[in-house]
$ cat run.cif   # mmCIF, C-alpha atoms
data_target
loop_
_atom_site.label_atom_id
_atom_site.label_comp_id
_atom_site.auth_asym_id
_atom_site.auth_seq_id
_atom_site.Cartn_x
_atom_site.Cartn_y
_atom_site.Cartn_z
CA MET A 28 45.64 -167.57 -20.39
CA HIS A 29 46.09 -164.62 -18.11
CA ASP A 30 45.74 -161.11 -19.33
CA THR A 31 48.98 -159.38 -18.35
CA CYS A 32 47.50 -155.92 -18.06
CA TYR A 33 49.50 -155.00 -14.97
CA ALA A 34 51.72 -152.02 -14.45
CA ARG A 35 51.03 -149.58 -17.22
CA SER A 36 53.52 -146.73 -17.20
CA MET A 37 51.98 -143.25 -16.86
CA THR A 38 54.19 -140.20 -16.54
CA THR A 39 52.46 -137.00 -15.52
CA PRO A 40 54.39 -133.69 -15.24
CA SER A 41 54.31 -134.02 -11.42
CA GLU A 42 55.63 -137.56 -11.66
CA ALA A 43 58.49 -136.38 -13.91
CA VAL A 44 59.49 -133.72 -11.32
CA LEU A 45 59.22 -136.24 -8.48
CA THR A 46 61.38 -138.74 -10.40
CA GLN A 47 64.14 -136.14 -10.62
CA LEU A 48 63.79 -135.05 -6.98
CA ARG A 49 63.89 -138.62 -5.66
CA LYS A 50 67.31 -139.21 -7.21
CA GLY A 51 69.91 -138.82 -4.53
CA VAL A 52 67.32 -138.49 -1.76
CA LEU A 53 65.53 -141.83 -1.67
CA ASP A 54 68.73 -143.68 -0.74
CA TYR A 55 68.83 -141.69 2.50
CA CYS A 56 65.10 -142.19 3.12
CA ALA A 57 65.69 -145.95 2.97
CA LEU A 58 68.66 -145.56 5.33
CA ALA A 59 66.47 -143.54 7.72
CA VAL A 60 63.90 -146.37 7.88
CA LEU A 61 66.65 -148.98 8.30
CA ALA A 62 68.13 -146.93 11.17
CA ASP A 63 65.15 -148.17 13.25
CA GLY A 64 66.29 -151.77 12.80
CA PRO A 65 66.71 -154.58 10.24
CA THR A 66 63.84 -154.66 7.75
CA TYR A 67 62.85 -157.00 4.91
CA GLY A 68 62.04 -155.78 1.40
CA LEU A 69 58.24 -155.61 1.49
CA GLU A 70 58.25 -154.07 4.97
CA LEU A 71 60.68 -151.35 3.87
CA ALA A 72 58.62 -150.73 0.72
CA ASN A 73 55.43 -150.38 2.79
CA LYS A 74 57.07 -147.97 5.25
CA LEU A 75 58.38 -145.76 2.43
CA ALA A 76 55.04 -145.94 0.59
CA GLU A 77 53.29 -144.52 3.68
CA ARG A 78 54.69 -141.17 2.50
CA GLY A 79 52.79 -140.76 -0.73
CA THR A 80 55.47 -139.05 -2.83
CA LEU A 81 58.54 -141.16 -2.09
CA PHE A 82 58.10 -143.68 -4.87
CA SER A 83 55.63 -144.78 -7.47
CA SER A 84 57.06 -148.29 -8.02
CA SER A 85 58.21 -150.36 -5.06
CA GLY A 86 60.26 -152.46 -7.49
CA THR A 87 62.77 -149.61 -7.83
CA LEU A 88 63.61 -150.14 -4.16
CA TYR A 89 65.64 -153.27 -4.99
CA PRO A 90 68.19 -151.65 -7.35
CA LEU A 91 68.51 -148.93 -4.66
CA LEU A 92 69.20 -151.54 -1.95
CA SER A 93 71.72 -153.24 -4.23
CA ARG A 94 73.49 -149.88 -4.65
CA LEU A 95 73.52 -149.30 -0.88
CA ARG A 96 74.91 -152.80 -0.33
CA LYS A 97 77.73 -152.17 -2.85
CA GLN A 98 78.53 -148.90 -1.03
CA GLU A 99 78.65 -150.93 2.19
CA TRP A 100 75.99 -148.69 3.75
CA VAL A 101 73.69 -151.70 4.10
CA GLU A 102 74.30 -155.39 4.72
CA THR A 103 71.96 -158.34 4.40
CA THR A 104 71.15 -161.20 6.77
CA TRP A 105 68.69 -164.08 6.57
CA GLN A 106 66.08 -164.61 9.27
CA GLU A 107 63.34 -167.18 9.71
CA SER A 108 59.89 -165.97 8.78
CA PRO A 109 56.79 -166.89 10.82
CA SER A 110 55.07 -167.55 7.49
CA GLY A 111 56.79 -168.84 4.38
CA PRO A 112 60.48 -169.11 3.46
CA PRO A 113 63.33 -167.28 5.32
CA ARG A 114 63.54 -163.57 4.62
CA ARG A 115 66.47 -161.41 3.57
CA TYR A 116 66.77 -158.52 6.03
CA TYR A 117 68.52 -155.28 5.21
CA GLN A 118 70.52 -153.72 8.02
CA ILE A 119 72.28 -150.34 8.16
CA THR A 120 76.07 -150.43 8.71
CA ASP A 121 78.22 -147.95 10.66
CA ALA A 122 79.23 -146.31 7.36
CA GLY A 123 75.53 -146.08 6.45
CA THR A 124 74.69 -144.46 9.78
CA GLN A 125 77.47 -141.93 9.24
CA ALA A 126 76.20 -141.17 5.71
CA LEU A 127 72.68 -140.68 7.07
CA GLU A 128 73.96 -138.25 9.73
CA THR A 129 75.77 -136.20 7.09
CA PHE A 130 72.61 -136.13 4.97
CA LYS A 131 70.50 -134.94 7.91
CA HIS A 132 72.90 -132.03 8.53
CA VAL A 133 72.77 -130.96 4.91
CA TRP A 134 69.10 -131.62 4.22
CA ASN A 135 67.42 -129.26 6.71
CA PRO A 136 69.12 -126.00 5.56
CA PHE A 137 68.76 -127.16 1.93
CA ALA A 138 65.01 -127.80 2.24
CA ALA A 139 64.53 -124.55 4.22
CA ASP A 140 66.34 -122.56 1.49
CA ILE A 141 64.16 -123.99 -1.27
CA THR A 142 60.94 -123.37 0.67
CA ALA A 143 62.02 -119.78 1.46
CA LEU A 144 63.07 -119.12 -2.15
CA LEU A 145 59.78 -120.39 -3.56
CA GLU A 146 57.84 -118.25 -1.08
CA ASP A 147 59.88 -115.14 -1.97
CA HIS A 148 59.14 -115.52 -5.67
CA LEU A 149 55.49 -116.44 -5.60
CA MET B 18 65.60 -170.75 -4.75
CA THR B 19 62.96 -171.92 -2.33
CA ALA B 20 60.38 -174.07 -4.03
CA THR B 21 57.25 -172.15 -3.13
CA HIS B 22 54.18 -171.85 -5.29
CA THR B 23 54.28 -168.82 -7.57
CA HIS B 24 51.11 -167.50 -9.15
CA PRO B 25 51.22 -167.67 -12.97
CA LEU B 26 50.75 -163.88 -13.17
CA VAL B 27 53.77 -163.35 -10.89
CA GLU B 28 55.74 -165.86 -12.94
CA THR B 29 54.85 -163.98 -16.15
CA TYR B 30 55.87 -160.71 -14.53
CA LEU B 31 59.20 -162.18 -13.37
CA ASN B 32 59.88 -163.49 -16.88
CA ASP B 33 59.13 -160.02 -18.30
CA LEU B 34 61.44 -158.50 -15.70
CA GLU B 35 64.21 -160.96 -16.56
CA ARG B 36 63.93 -160.02 -20.24
CA ALA B 37 63.97 -156.30 -19.36
CA LEU B 38 67.19 -156.90 -17.41
CA ALA B 39 68.99 -158.40 -20.42
CA GLY B 40 71.52 -155.54 -20.42
CA ALA B 41 72.47 -155.89 -16.73
CA THR B 42 75.37 -157.97 -15.39
CA PRO B 43 74.42 -161.55 -14.38
CA ALA B 44 75.08 -160.64 -10.70
CA ASP B 45 72.83 -157.54 -10.76
CA ARG B 46 70.15 -159.42 -12.70
CA SER B 47 70.01 -162.34 -10.29
CA GLU B 48 70.06 -160.01 -7.24
CA MET B 49 67.14 -158.00 -8.67
CA LEU B 50 65.15 -161.13 -9.56
CA ALA B 51 65.79 -162.68 -6.12
CA GLY B 52 64.60 -159.44 -4.45
CA ALA B 53 61.46 -159.40 -6.61
CA ARG B 54 60.74 -163.09 -5.93
CA GLU B 55 61.08 -162.56 -2.15
CA HIS B 56 58.92 -159.44 -2.35
CA PHE B 57 56.10 -161.35 -4.07
CA ALA B 58 56.47 -164.31 -1.69
CA ASP B 59 55.56 -161.84 1.09
CA ALA B 60 53.13 -159.66 -0.86
CA CYS B 61 51.18 -162.56 -2.39
CA PRO B 62 50.43 -165.16 0.32
CA PRO B 63 48.86 -168.48 -0.77
CA ASP B 64 45.34 -167.20 -0.05
CA ALA B 65 45.78 -164.00 -2.14
CA THR B 66 43.10 -163.43 -4.76
CA GLU B 67 43.94 -162.55 -8.35
CA LYS B 68 42.87 -158.98 -7.55
CA ASP B 69 45.43 -158.85 -4.69
CA ILE B 70 48.13 -160.19 -7.01
CA ILE B 71 47.40 -157.64 -9.72
CA ALA B 72 47.49 -154.89 -7.07
CA ALA B 73 50.90 -156.17 -5.82
CA LEU B 74 52.27 -156.28 -9.39
CA ASN B 75 50.99 -152.76 -10.10
CA ALA B 76 52.57 -151.45 -6.89
CA PHE B 77 55.87 -153.09 -7.86
CA GLY B 78 55.79 -151.10 -11.11
CA PRO B 79 56.49 -151.49 -14.83
CA VAL B 80 59.45 -153.77 -15.56
CA GLU B 81 61.04 -151.14 -17.82
CA ARG B 82 61.04 -148.57 -15.02
CA ILE B 83 62.74 -151.03 -12.65
CA ALA B 84 65.24 -152.21 -15.26
CA ALA B 85 66.18 -148.56 -15.93
CA GLU B 86 67.43 -148.32 -12.32
CA VAL B 87 69.71 -151.37 -12.64
CA PRO B 88 73.20 -150.50 -13.96
CA GLN B 89 73.98 -151.70 -17.47
CA ALA B 90 76.78 -154.21 -17.97
CA PRO B 91 79.93 -152.69 -19.56
CA PRO B 92 80.20 -153.29 -23.34
CA ALA B 93 81.42 -156.75 -24.32
CA PRO B 94 85.16 -157.04 -25.12
CA VAL B 95 86.27 -157.31 -28.76
CA PRO B 96 85.53 -160.87 -30.03
CA ALA B 97 88.40 -163.34 -29.62
CA GLY B 98 88.97 -163.67 -33.39
CA GLN B 99 89.84 -159.99 -33.84
CA PRO B 100 93.51 -159.86 -32.71
CA GLY B 101 94.26 -162.68 -35.20
CA GLY B 102 92.53 -160.70 -37.95
CA GLN B 103 94.59 -157.61 -37.13
CA LEU B 104 97.77 -159.68 -37.21
CA THR B 105 96.91 -161.00 -40.68
CA ALA B 106 96.27 -157.50 -42.04
CA GLY B 107 99.40 -156.13 -40.37
CA LEU B 108 101.47 -158.98 -41.81
CA LEU B 109 100.09 -158.40 -45.30
CA VAL B 110 100.88 -154.69 -45.01
CA ALA B 111 104.47 -155.51 -44.02
CA ILE B 112 104.84 -157.96 -46.94
CA ALA B 113 103.33 -155.41 -49.32
CA ALA B 114 105.77 -152.74 -48.12
CA LEU B 115 108.68 -155.18 -48.43
CA LEU B 116 107.75 -156.28 -51.95
CA THR B 117 107.23 -152.81 -53.37
CA GLY B 118 110.93 -152.34 -53.97
CA LEU B 119 111.38 -155.80 -55.53
CA VAL B 120 108.25 -156.62 -57.51
CA PRO B 121 106.21 -153.45 -58.04
CA VAL B 122 103.03 -154.95 -59.53
CA LEU B 123 102.75 -157.68 -56.85
CA GLY B 124 103.38 -155.06 -54.14
CA LEU B 125 100.52 -152.96 -55.51
CA GLY B 126 98.15 -155.95 -55.42
CA ILE B 127 99.05 -156.86 -51.85
CA SER B 128 98.75 -153.23 -50.71
CA VAL B 129 95.21 -153.12 -52.10
CA LEU B 130 94.40 -156.45 -50.38
CA ALA B 131 95.80 -155.16 -47.06
CA LEU B 132 93.73 -151.98 -47.37
CA SER B 133 90.52 -153.94 -47.93
CA LEU B 134 91.27 -156.12 -44.85
CA VAL B 135 91.95 -153.05 -42.69
CA LYS B 136 88.68 -151.50 -43.93
CA LYS B 137 86.77 -154.62 -42.82
CA GLU B 138 88.45 -154.55 -39.40
CA LYS B 139 87.64 -150.86 -38.93
CA ARG B 140 83.92 -151.65 -38.61
CA VAL B 141 84.63 -153.83 -35.55
CA ASN B 142 87.63 -152.15 -33.99
CA PRO B 143 88.20 -148.61 -35.36
CA SER B 144 91.05 -147.56 -33.05
CA ALA B 145 93.23 -150.67 -33.39
CA SER B 146 93.23 -150.67 -37.21
CA SER B 147 94.14 -147.00 -37.77
CA ALA B 148 97.93 -147.64 -37.64
CA ALA B 149 97.57 -150.59 -40.04
CA SER B 150 95.53 -148.33 -42.33
CA THR B 151 98.30 -145.67 -42.39
CA ILE B 152 100.99 -148.27 -43.21
CA ALA B 153 98.77 -149.77 -45.94
CA TRP B 154 98.29 -146.37 -47.58
CA ILE B 155 102.05 -145.64 -47.48
CA ALA B 156 102.71 -149.05 -49.00
CA LEU B 157 100.11 -148.35 -51.70
CA VAL B 158 101.73 -145.03 -52.62
CA ILE B 159 105.24 -146.55 -52.74
CA SER B 160 104.10 -149.55 -54.77
CA SER B 161 102.13 -147.28 -57.15
CA LEU B 162 105.25 -145.17 -57.76
CA ALA B 163 107.33 -148.31 -58.27
CA THR B 164 104.77 -149.72 -60.72
CA LEU B 165 104.69 -146.42 -62.60
CA TRP B 166 108.48 -146.45 -62.75
CA LEU B 167 108.38 -150.00 -64.16
CA ILE B 168 105.89 -148.98 -66.84
CA LEU B 169 108.06 -146.05 -67.85
CA VAL B 170 111.21 -148.20 -68.00
CA VAL B 171 109.55 -150.90 -70.11
CA ALA B 172 107.20 -148.85 -72.24
CA GLY B 173 109.26 -145.62 -72.40
CA PRO B 174 111.92 -146.74 -74.98
CA MET B 175 109.21 -148.39 -77.12
CA LEU B 176 107.18 -145.21 -77.05
CA PHE B 177 110.29 -143.16 -77.83
CA ALA B 178 111.16 -145.50 -80.75
CA SER B 179 107.63 -145.35 -82.16
CA VAL B 180 107.67 -141.54 -81.97
CA LEU B 181 111.02 -141.50 -83.82
CA ALA B 182 109.74 -143.93 -86.48
CA PHE B 183 106.70 -141.76 -87.02
#
$ encode --input "run.cif" --output "structure tokens"
Amino acid sequence: MHDTCYARSMTTPSEAVLTQLRKGVLDYCALAVLADGPTYGLELANKLAERGTLFSSSGTLYPLLSRLRKQEWVETTWQESPSGPPRRYYQITDAGTQALETFKHVWNPFAADITALLEDHL
Amino acid sequence: MTATHTHPLVETYLNDLERALAGATPADRSEMLAGAREHFADACPPDATEKDIIAALNAFGPVERIAAEVPQAPPAPVPAGQPGGQLTAGLLVAIAALLTGLVPVLGLGISVLALSLVKKEKRVNPSASSAASTIAWIALVISSLATLWLILVVAGPMLFASVLAF
């Protein structure tokens, strides 16, 4: 028998704030990575995880990708893998690229405003 | 699904994930499980140690947290038997209302029966049975008045006679 002691859930106050902040932002972070070219699930998860705060569970990436696919911002293709079975690749669509551009225009002034506001009131 | 080896720990995790996704639509559930299976096929190569596998499972995250991100399926439609049940109650209400003018006591009995049926239906389908409930109450009031009238007609003269005799 295996002891299934994996993945215990721990929610710290910082994690709770991050969870809220990620909503509505992480979709665009995934699109930004996909803008570099088609990517498979684990590869995308690893690239996002390089930035420490973007997610705490790579499993949540898959519901996000499903959402993006339903919005037609992402499409999937199958490609041969050098090791193991074929892989599902996620690829950004024209609508996805447009959505990412809009986000970029909005994000910079938004982030600058928050940083400035926090500095003013410290 | 490609028949690749899956480590028992990964298999256990996928079973847990499937159970956690019980509230999702079949399409969302199978898409999520396929994504997870492909992820572990890449993250846990055949030469991965148990330590590597546990690390991959921990990085993937608690099944509840993942399931919370998957949309819930819309509530199930009303069971197929319900419209028939409503029809029966509605029909009884109509008969009760019809009979009140003719046979007051029978009308009262059927009104009460219709009300109890509507009450049962309300637990399953509150909105659909509210009209039937209103009709049943009206029928009950009419049949009660008719029954009272019958009692007065039958028992009234006897009562009057007994008062006179006294």
$ closest_residue --input "run.cif" --among "A:Gly79, A:Gly68, A:Gly123, A:Pro136" --to "chain B" --atoms "all atoms listed in the file"
A:Gly68
$ interface_residues --input "run.cif" --of "chain B" --to "chain A" --cutoff "6 Å" --atoms "all atoms listed in the file" --output "list of chain:residue names"
B:His56, B:Asn75, B:Ala76, B:Phe77, B:Gly78, B:Pro79, B:Ile83, B:Val87
$ residues_around --input "run.cif" --residues "Ala37 (chain B)" --least-positions-apart "5" --cutoff "12 Å" --atoms "all atoms listed in the file" --output "PyMOL selection string"
chain B and resi 30-32+46+49-50+79-87+89
$ write_last_selection --input "run.cif" --atoms "C-alpha atoms" --output "mmCIF file, in the frame of the given file"
data_model
loop_
_atom_site.group_PDB
_atom_site.id
_atom_site.type_symbol
_atom_site.label_atom_id
_atom_site.label_comp_id
_atom_site.auth_asym_id
_atom_site.auth_seq_id
_atom_site.Cartn_x
_atom_site.Cartn_y
_atom_site.Cartn_z
ATOM 1 C CA TYR B 30 55.870 -160.710 -14.530
ATOM 2 C CA LEU B 31 59.200 -162.180 -13.370
ATOM 3 C CA ASN B 32 59.880 -163.490 -16.880
ATOM 4 C CA ARG B 46 70.150 -159.420 -12.700
ATOM 5 C CA MET B 49 67.140 -158.000 -8.670
ATOM 6 C CA LEU B 50 65.150 -161.130 -9.560
ATOM 7 C CA PRO B 79 56.490 -151.490 -14.830
ATOM 8 C CA VAL B 80 59.450 -153.770 -15.560
ATOM 9 C CA GLU B 81 61.040 -151.140 -17.820
ATOM 10 C CA ARG B 82 61.040 -148.570 -15.020
ATOM 11 C CA ILE B 83 62.740 -151.030 -12.650
ATOM 12 C CA ALA B 84 65.240 -152.210 -15.260
ATOM 13 C CA ALA B 85 66.180 -148.560 -15.930
ATOM 14 C CA GLU B 86 67.430 -148.320 -12.320
ATOM 15 C CA VAL B 87 69.710 -151.370 -12.640
ATOM 16 C CA GLN B 89 73.980 -151.700 -17.470
#
$ atom_distance --input "run.cif" --atom1 "CA of Arg96 (chain A)" --atom2 "CA of Thr23 (chain B)"
27.1 Å
$ closest_residue --input "run.cif" --among "B:Ile168, B:Ser150, B:Glu28, B:Pro43" --to "Lys137 (chain B)" --atoms "only C-alpha atoms"
B:Ser150
$ atom_distance --input "run.cif" --atom1 "CA of Ala44 (chain B)" --atom2 "CA of Glu107 (chain A)"
24.4 Å
$ atom_distance --input "run.cif" --atom1 "CA of Ala156 (chain B)" --atom2 "CA of Ser128 (chain B)"
6.0 Å
$ resolve_selection --input "run.cif" --expression "the PyMOL selection byres ((chain A and resi 56-66) around 10)" --output "ChimeraX atom specification"
/A:49,51-55,67-72,74-75,81,88,91-92,95,100-104,114-120,123-124,126-128,130-131
$ write_last_selection --input "run.cif" --atoms "C-alpha atoms" --output "PDB file, in the coordinates of the input"
ATOM      1  CA  ARG A  49      63.890-138.620  -5.660  1.00  0.00           C
ATOM      2  CA  GLY A  51      69.910-138.820  -4.530  1.00  0.00           C
ATOM      3  CA  VAL A  52      67.320-138.490  -1.760  1.00  0.00           C
ATOM      4  CA  LEU A  53      65.530-141.830  -1.670  1.00  0.00           C
ATOM      5  CA  ASP A  54      68.730-143.680  -0.740  1.00  0.00           C
ATOM      6  CA  TYR A  55      68.830-141.690   2.500  1.00  0.00           C
ATOM      7  CA  TYR A  67      62.850-157.000   4.910  1.00  0.00           C
ATOM      8  CA  GLY A  68      62.040-155.780   1.400  1.00  0.00           C
ATOM      9  CA  LEU A  69      58.240-155.610   1.490  1.00  0.00           C
ATOM     10  CA  GLU A  70      58.250-154.070   4.970  1.00  0.00           C
ATOM     11  CA  LEU A  71      60.680-151.350   3.870  1.00  0.00           C
ATOM     12  CA  ALA A  72      58.620-150.730   0.720  1.00  0.00           C
ATOM     13  CA  LYS A  74      57.070-147.970   5.250  1.00  0.00           C
ATOM     14  CA  LEU A  75      58.380-145.760   2.430  1.00  0.00           C
ATOM     15  CA  LEU A  81      58.540-141.160  -2.090  1.00  0.00           C
ATOM     16  CA  LEU A  88      63.610-150.140  -4.160  1.00  0.00           C
ATOM     17  CA  LEU A  91      68.510-148.930  -4.660  1.00  0.00           C
ATOM     18  CA  LEU A  92      69.200-151.540  -1.950  1.00  0.00           C
ATOM     19  CA  LEU A  95      73.520-149.300  -0.880  1.00  0.00           C
ATOM     20  CA  TRP A 100      75.990-148.690   3.750  1.00  0.00           C
ATOM     21  CA  VAL A 101      73.690-151.700   4.100  1.00  0.00           C
ATOM     22  CA  GLU A 102      74.300-155.390   4.720  1.00  0.00           C
ATOM     23  CA  THR A 103      71.960-158.340   4.400  1.00  0.00           C
ATOM     24  CA  THR A 104      71.150-161.200   6.770  1.00  0.00           C
ATOM     25  CA  ARG A 114      63.540-163.570   4.620  1.00  0.00           C
ATOM     26  CA  ARG A 115      66.470-161.410   3.570  1.00  0.00           C
ATOM     27  CA  TYR A 116      66.770-158.520   6.030  1.00  0.00           C
ATOM     28  CA  TYR A 117      68.520-155.280   5.210  1.00  0.00           C
ATOM     29  CA  GLN A 118      70.520-153.720   8.020  1.00  0.00           C
ATOM     30  CA  ILE A 119      72.280-150.340   8.160  1.00  0.00           C
ATOM     31  CA  THR A 120      76.070-150.430   8.710  1.00  0.00           C
ATOM     32  CA  GLY A 123      75.530-146.080   6.450  1.00  0.00           C
ATOM     33  CA  THR A 124      74.690-144.460   9.780  1.00  0.00           C
ATOM     34  CA  ALA A 126      76.200-141.170   5.710  1.00  0.00           C
ATOM     35  CA  LEU A 127      72.680-140.680   7.070  1.00  0.00           C
ATOM     36  CA  GLU A 128      73.960-138.250   9.730  1.00  0.00           C
ATOM     37  CA  PHE A 130      72.610-136.130   4.970  1.00  0.00           C
ATOM     38  CA  LYS A 131      70.500-134.940   7.910  1.00  0.00           C
TER      39      LYS A 131
END
$ resolve_selection --input "run.cif" --expression "the PyMOL selection byres ((chain B and resi 132) around 9)" --output "list in words"
Ala106, Val110, Ile127, Ser128, Val129, Leu130, Ala131, Ser133, Leu134, Val135, Lys136, Lys137, Ala149, Ser150, Ala153, Trp154 and Leu157 of chain B
$ residues_around --input "run.cif" --residues "Pro62 (chain B)" --least-positions-apart "3" --cutoff "10 Å" --atoms "all atoms listed in the file" --output "mmCIF file with C-alpha atoms, keeping the file's coordinate frame"
data_model
loop_
_atom_site.group_PDB
_atom_site.id
_atom_site.type_symbol
_atom_site.label_atom_id
_atom_site.label_comp_id
_atom_site.auth_asym_id
_atom_site.auth_seq_id
_atom_site.Cartn_x
_atom_site.Cartn_y
_atom_site.Cartn_z
ATOM 1 C CA SER A 110 55.070 -167.550 7.490
ATOM 2 C CA GLY A 111 56.790 -168.840 4.380
ATOM 3 C CA HIS B 22 54.180 -171.850 -5.290
ATOM 4 C CA THR B 23 54.280 -168.820 -7.570
ATOM 5 C CA HIS B 24 51.110 -167.500 -9.150
ATOM 6 C CA PHE B 57 56.100 -161.350 -4.070
ATOM 7 C CA ALA B 58 56.470 -164.310 -1.690
ATOM 8 C CA ASP B 59 55.560 -161.840 1.090
ATOM 9 C CA ALA B 65 45.780 -164.000 -2.140
ATOM 10 C CA THR B 66 43.100 -163.430 -4.760
ATOM 11 C CA ASP B 69 45.430 -158.850 -4.690
ATOM 12 C CA ILE B 70 48.130 -160.190 -7.010
#
$ decode --input "run.cif" --residues "region 66-82 of chain A" --atoms "N, CA, C and O atoms" --output "PDB file, in the first residue's frame"
ATOM      1  N   THR A  66       2.921  25.263 -27.003  1.00  0.00           N
ATOM      2  CA  THR A  66       3.549  24.732 -25.788  1.00  0.00           C
ATOM      3  C   THR A  66       2.688  23.615 -25.225  1.00  0.00           C
ATOM      4  O   THR A  66       1.460  23.704 -25.292  1.00  0.00           O
ATOM      5  N   TYR A  67       3.307  22.560 -24.691  1.00  0.00           N
ATOM      6  CA  TYR A  67       2.498  21.504 -24.061  1.00  0.00           C
ATOM      7  C   TYR A  67       2.350  21.792 -22.565  1.00  0.00           C
ATOM      8  O   TYR A  67       3.067  22.639 -22.011  1.00  0.00           O
ATOM      9  N   GLY A  68       1.409  21.091 -21.934  1.00  0.00           N
ATOM     10  CA  GLY A  68       0.998  21.411 -20.569  1.00  0.00           C
ATOM     11  C   GLY A  68       2.129  21.572 -19.565  1.00  0.00           C
ATOM     12  O   GLY A  68       2.247  22.620 -18.915  1.00  0.00           O
ATOM     13  N   LEU A  69       2.972  20.538 -19.443  1.00  0.00           N
ATOM     14  CA  LEU A  69       4.037  20.589 -18.436  1.00  0.00           C
ATOM     15  C   LEU A  69       5.011  21.725 -18.712  1.00  0.00           C
ATOM     16  O   LEU A  69       5.474  22.408 -17.790  1.00  0.00           O
ATOM     17  N   GLU A  70       5.304  21.951 -20.000  1.00  0.00           N
ATOM     18  CA  GLU A  70       6.236  23.013 -20.387  1.00  0.00           C
ATOM     19  C   GLU A  70       5.668  24.388 -19.980  1.00  0.00           C
ATOM     20  O   GLU A  70       6.373  25.229 -19.418  1.00  0.00           O
ATOM     21  N   LEU A  71       4.397  24.579 -20.257  1.00  0.00           N
ATOM     22  CA  LEU A  71       3.732  25.839 -19.893  1.00  0.00           C
ATOM     23  C   LEU A  71       3.735  26.017 -18.371  1.00  0.00           C
ATOM     24  O   LEU A  71       4.027  27.105 -17.860  1.00  0.00           O
ATOM     25  N   ALA A  72       3.421  24.923 -17.662  1.00  0.00           N
ATOM     26  CA  ALA A  72       3.413  24.974 -16.194  1.00  0.00           C
ATOM     27  C   ALA A  72       4.793  25.353 -15.675  1.00  0.00           C
ATOM     28  O   ALA A  72       4.914  26.202 -14.777  1.00  0.00           O
ATOM     29  N   ASN A  73       5.841  24.754 -16.242  1.00  0.00           N
ATOM     30  CA  ASN A  73       7.208  25.052 -15.783  1.00  0.00           C
ATOM     31  C   ASN A  73       7.584  26.502 -16.058  1.00  0.00           C
ATOM     32  O   ASN A  73       8.214  27.153 -15.226  1.00  0.00           O
ATOM     33  N   LYS A  74       7.175  27.017 -17.232  1.00  0.00           N
ATOM     34  CA  LYS A  74       7.518  28.400 -17.564  1.00  0.00           C
ATOM     35  C   LYS A  74       6.814  29.375 -16.625  1.00  0.00           C
ATOM     36  O   LYS A  74       7.397  30.375 -16.201  1.00  0.00           O
ATOM     37  N   LEU A  75       5.550  29.098 -16.306  1.00  0.00           N
ATOM     38  CA  LEU A  75       4.815  29.982 -15.389  1.00  0.00           C
ATOM     39  C   LEU A  75       5.380  29.863 -13.973  1.00  0.00           C
ATOM     40  O   LEU A  75       5.443  30.851 -13.239  1.00  0.00           O
ATOM     41  N   ALA A  76       5.785  28.632 -13.606  1.00  0.00           N
ATOM     42  CA  ALA A  76       6.290  28.405 -12.240  1.00  0.00           C
ATOM     43  C   ALA A  76       7.650  29.062 -12.020  1.00  0.00           C
ATOM     44  O   ALA A  76       8.064  29.254 -10.869  1.00  0.00           O
ATOM     45  N   GLU A  77       8.343  29.430 -13.112  1.00  0.00           N
ATOM     46  CA  GLU A  77       9.625  30.137 -12.963  1.00  0.00           C
ATOM     47  C   GLU A  77       9.425  31.447 -12.186  1.00  0.00           C
ATOM     48  O   GLU A  77      10.303  31.909 -11.482  1.00  0.00           O
ATOM     49  N   ARG A  78       8.260  32.057 -12.383  1.00  0.00           N
ATOM     50  CA  ARG A  78       7.900  33.252 -11.589  1.00  0.00           C
ATOM     51  C   ARG A  78       7.200  32.712 -10.344  1.00  0.00           C
ATOM     52  O   ARG A  78       6.101  32.161 -10.453  1.00  0.00           O
ATOM     53  N   GLY A  79       7.844  32.889  -9.224  1.00  0.00           N
ATOM     54  CA  GLY A  79       7.401  32.206  -8.002  1.00  0.00           C
ATOM     55  C   GLY A  79       5.961  32.420  -7.570  1.00  0.00           C
ATOM     56  O   GLY A  79       5.375  31.546  -6.943  1.00  0.00           O
ATOM     57  N   THR A  80       5.363  33.583  -7.900  1.00  0.00           N
ATOM     58  CA  THR A  80       4.050  33.884  -7.311  1.00  0.00           C
ATOM     59  C   THR A  80       2.876  33.531  -8.224  1.00  0.00           C
ATOM     60  O   THR A  80       1.730  33.702  -7.826  1.00  0.00           O
ATOM     61  N   LEU A  81       3.147  33.082  -9.440  1.00  0.00           N
ATOM     62  CA  LEU A  81       2.036  32.963 -10.388  1.00  0.00           C
ATOM     63  C   LEU A  81       1.048  31.847 -10.074  1.00  0.00           C
ATOM     64  O   LEU A  81      -0.142  32.007 -10.270  1.00  0.00           O
ATOM     65  N   PHE A  82       1.521  30.706  -9.618  1.00  0.00           N
ATOM     66  CA  PHE A  82       0.575  29.724  -9.090  1.00  0.00           C
ATOM     67  C   PHE A  82       1.221  28.770  -8.098  1.00  0.00           C
ATOM     68  O   PHE A  82       2.434  28.582  -8.116  1.00  0.00           O
TER      69      PHE A  82
END
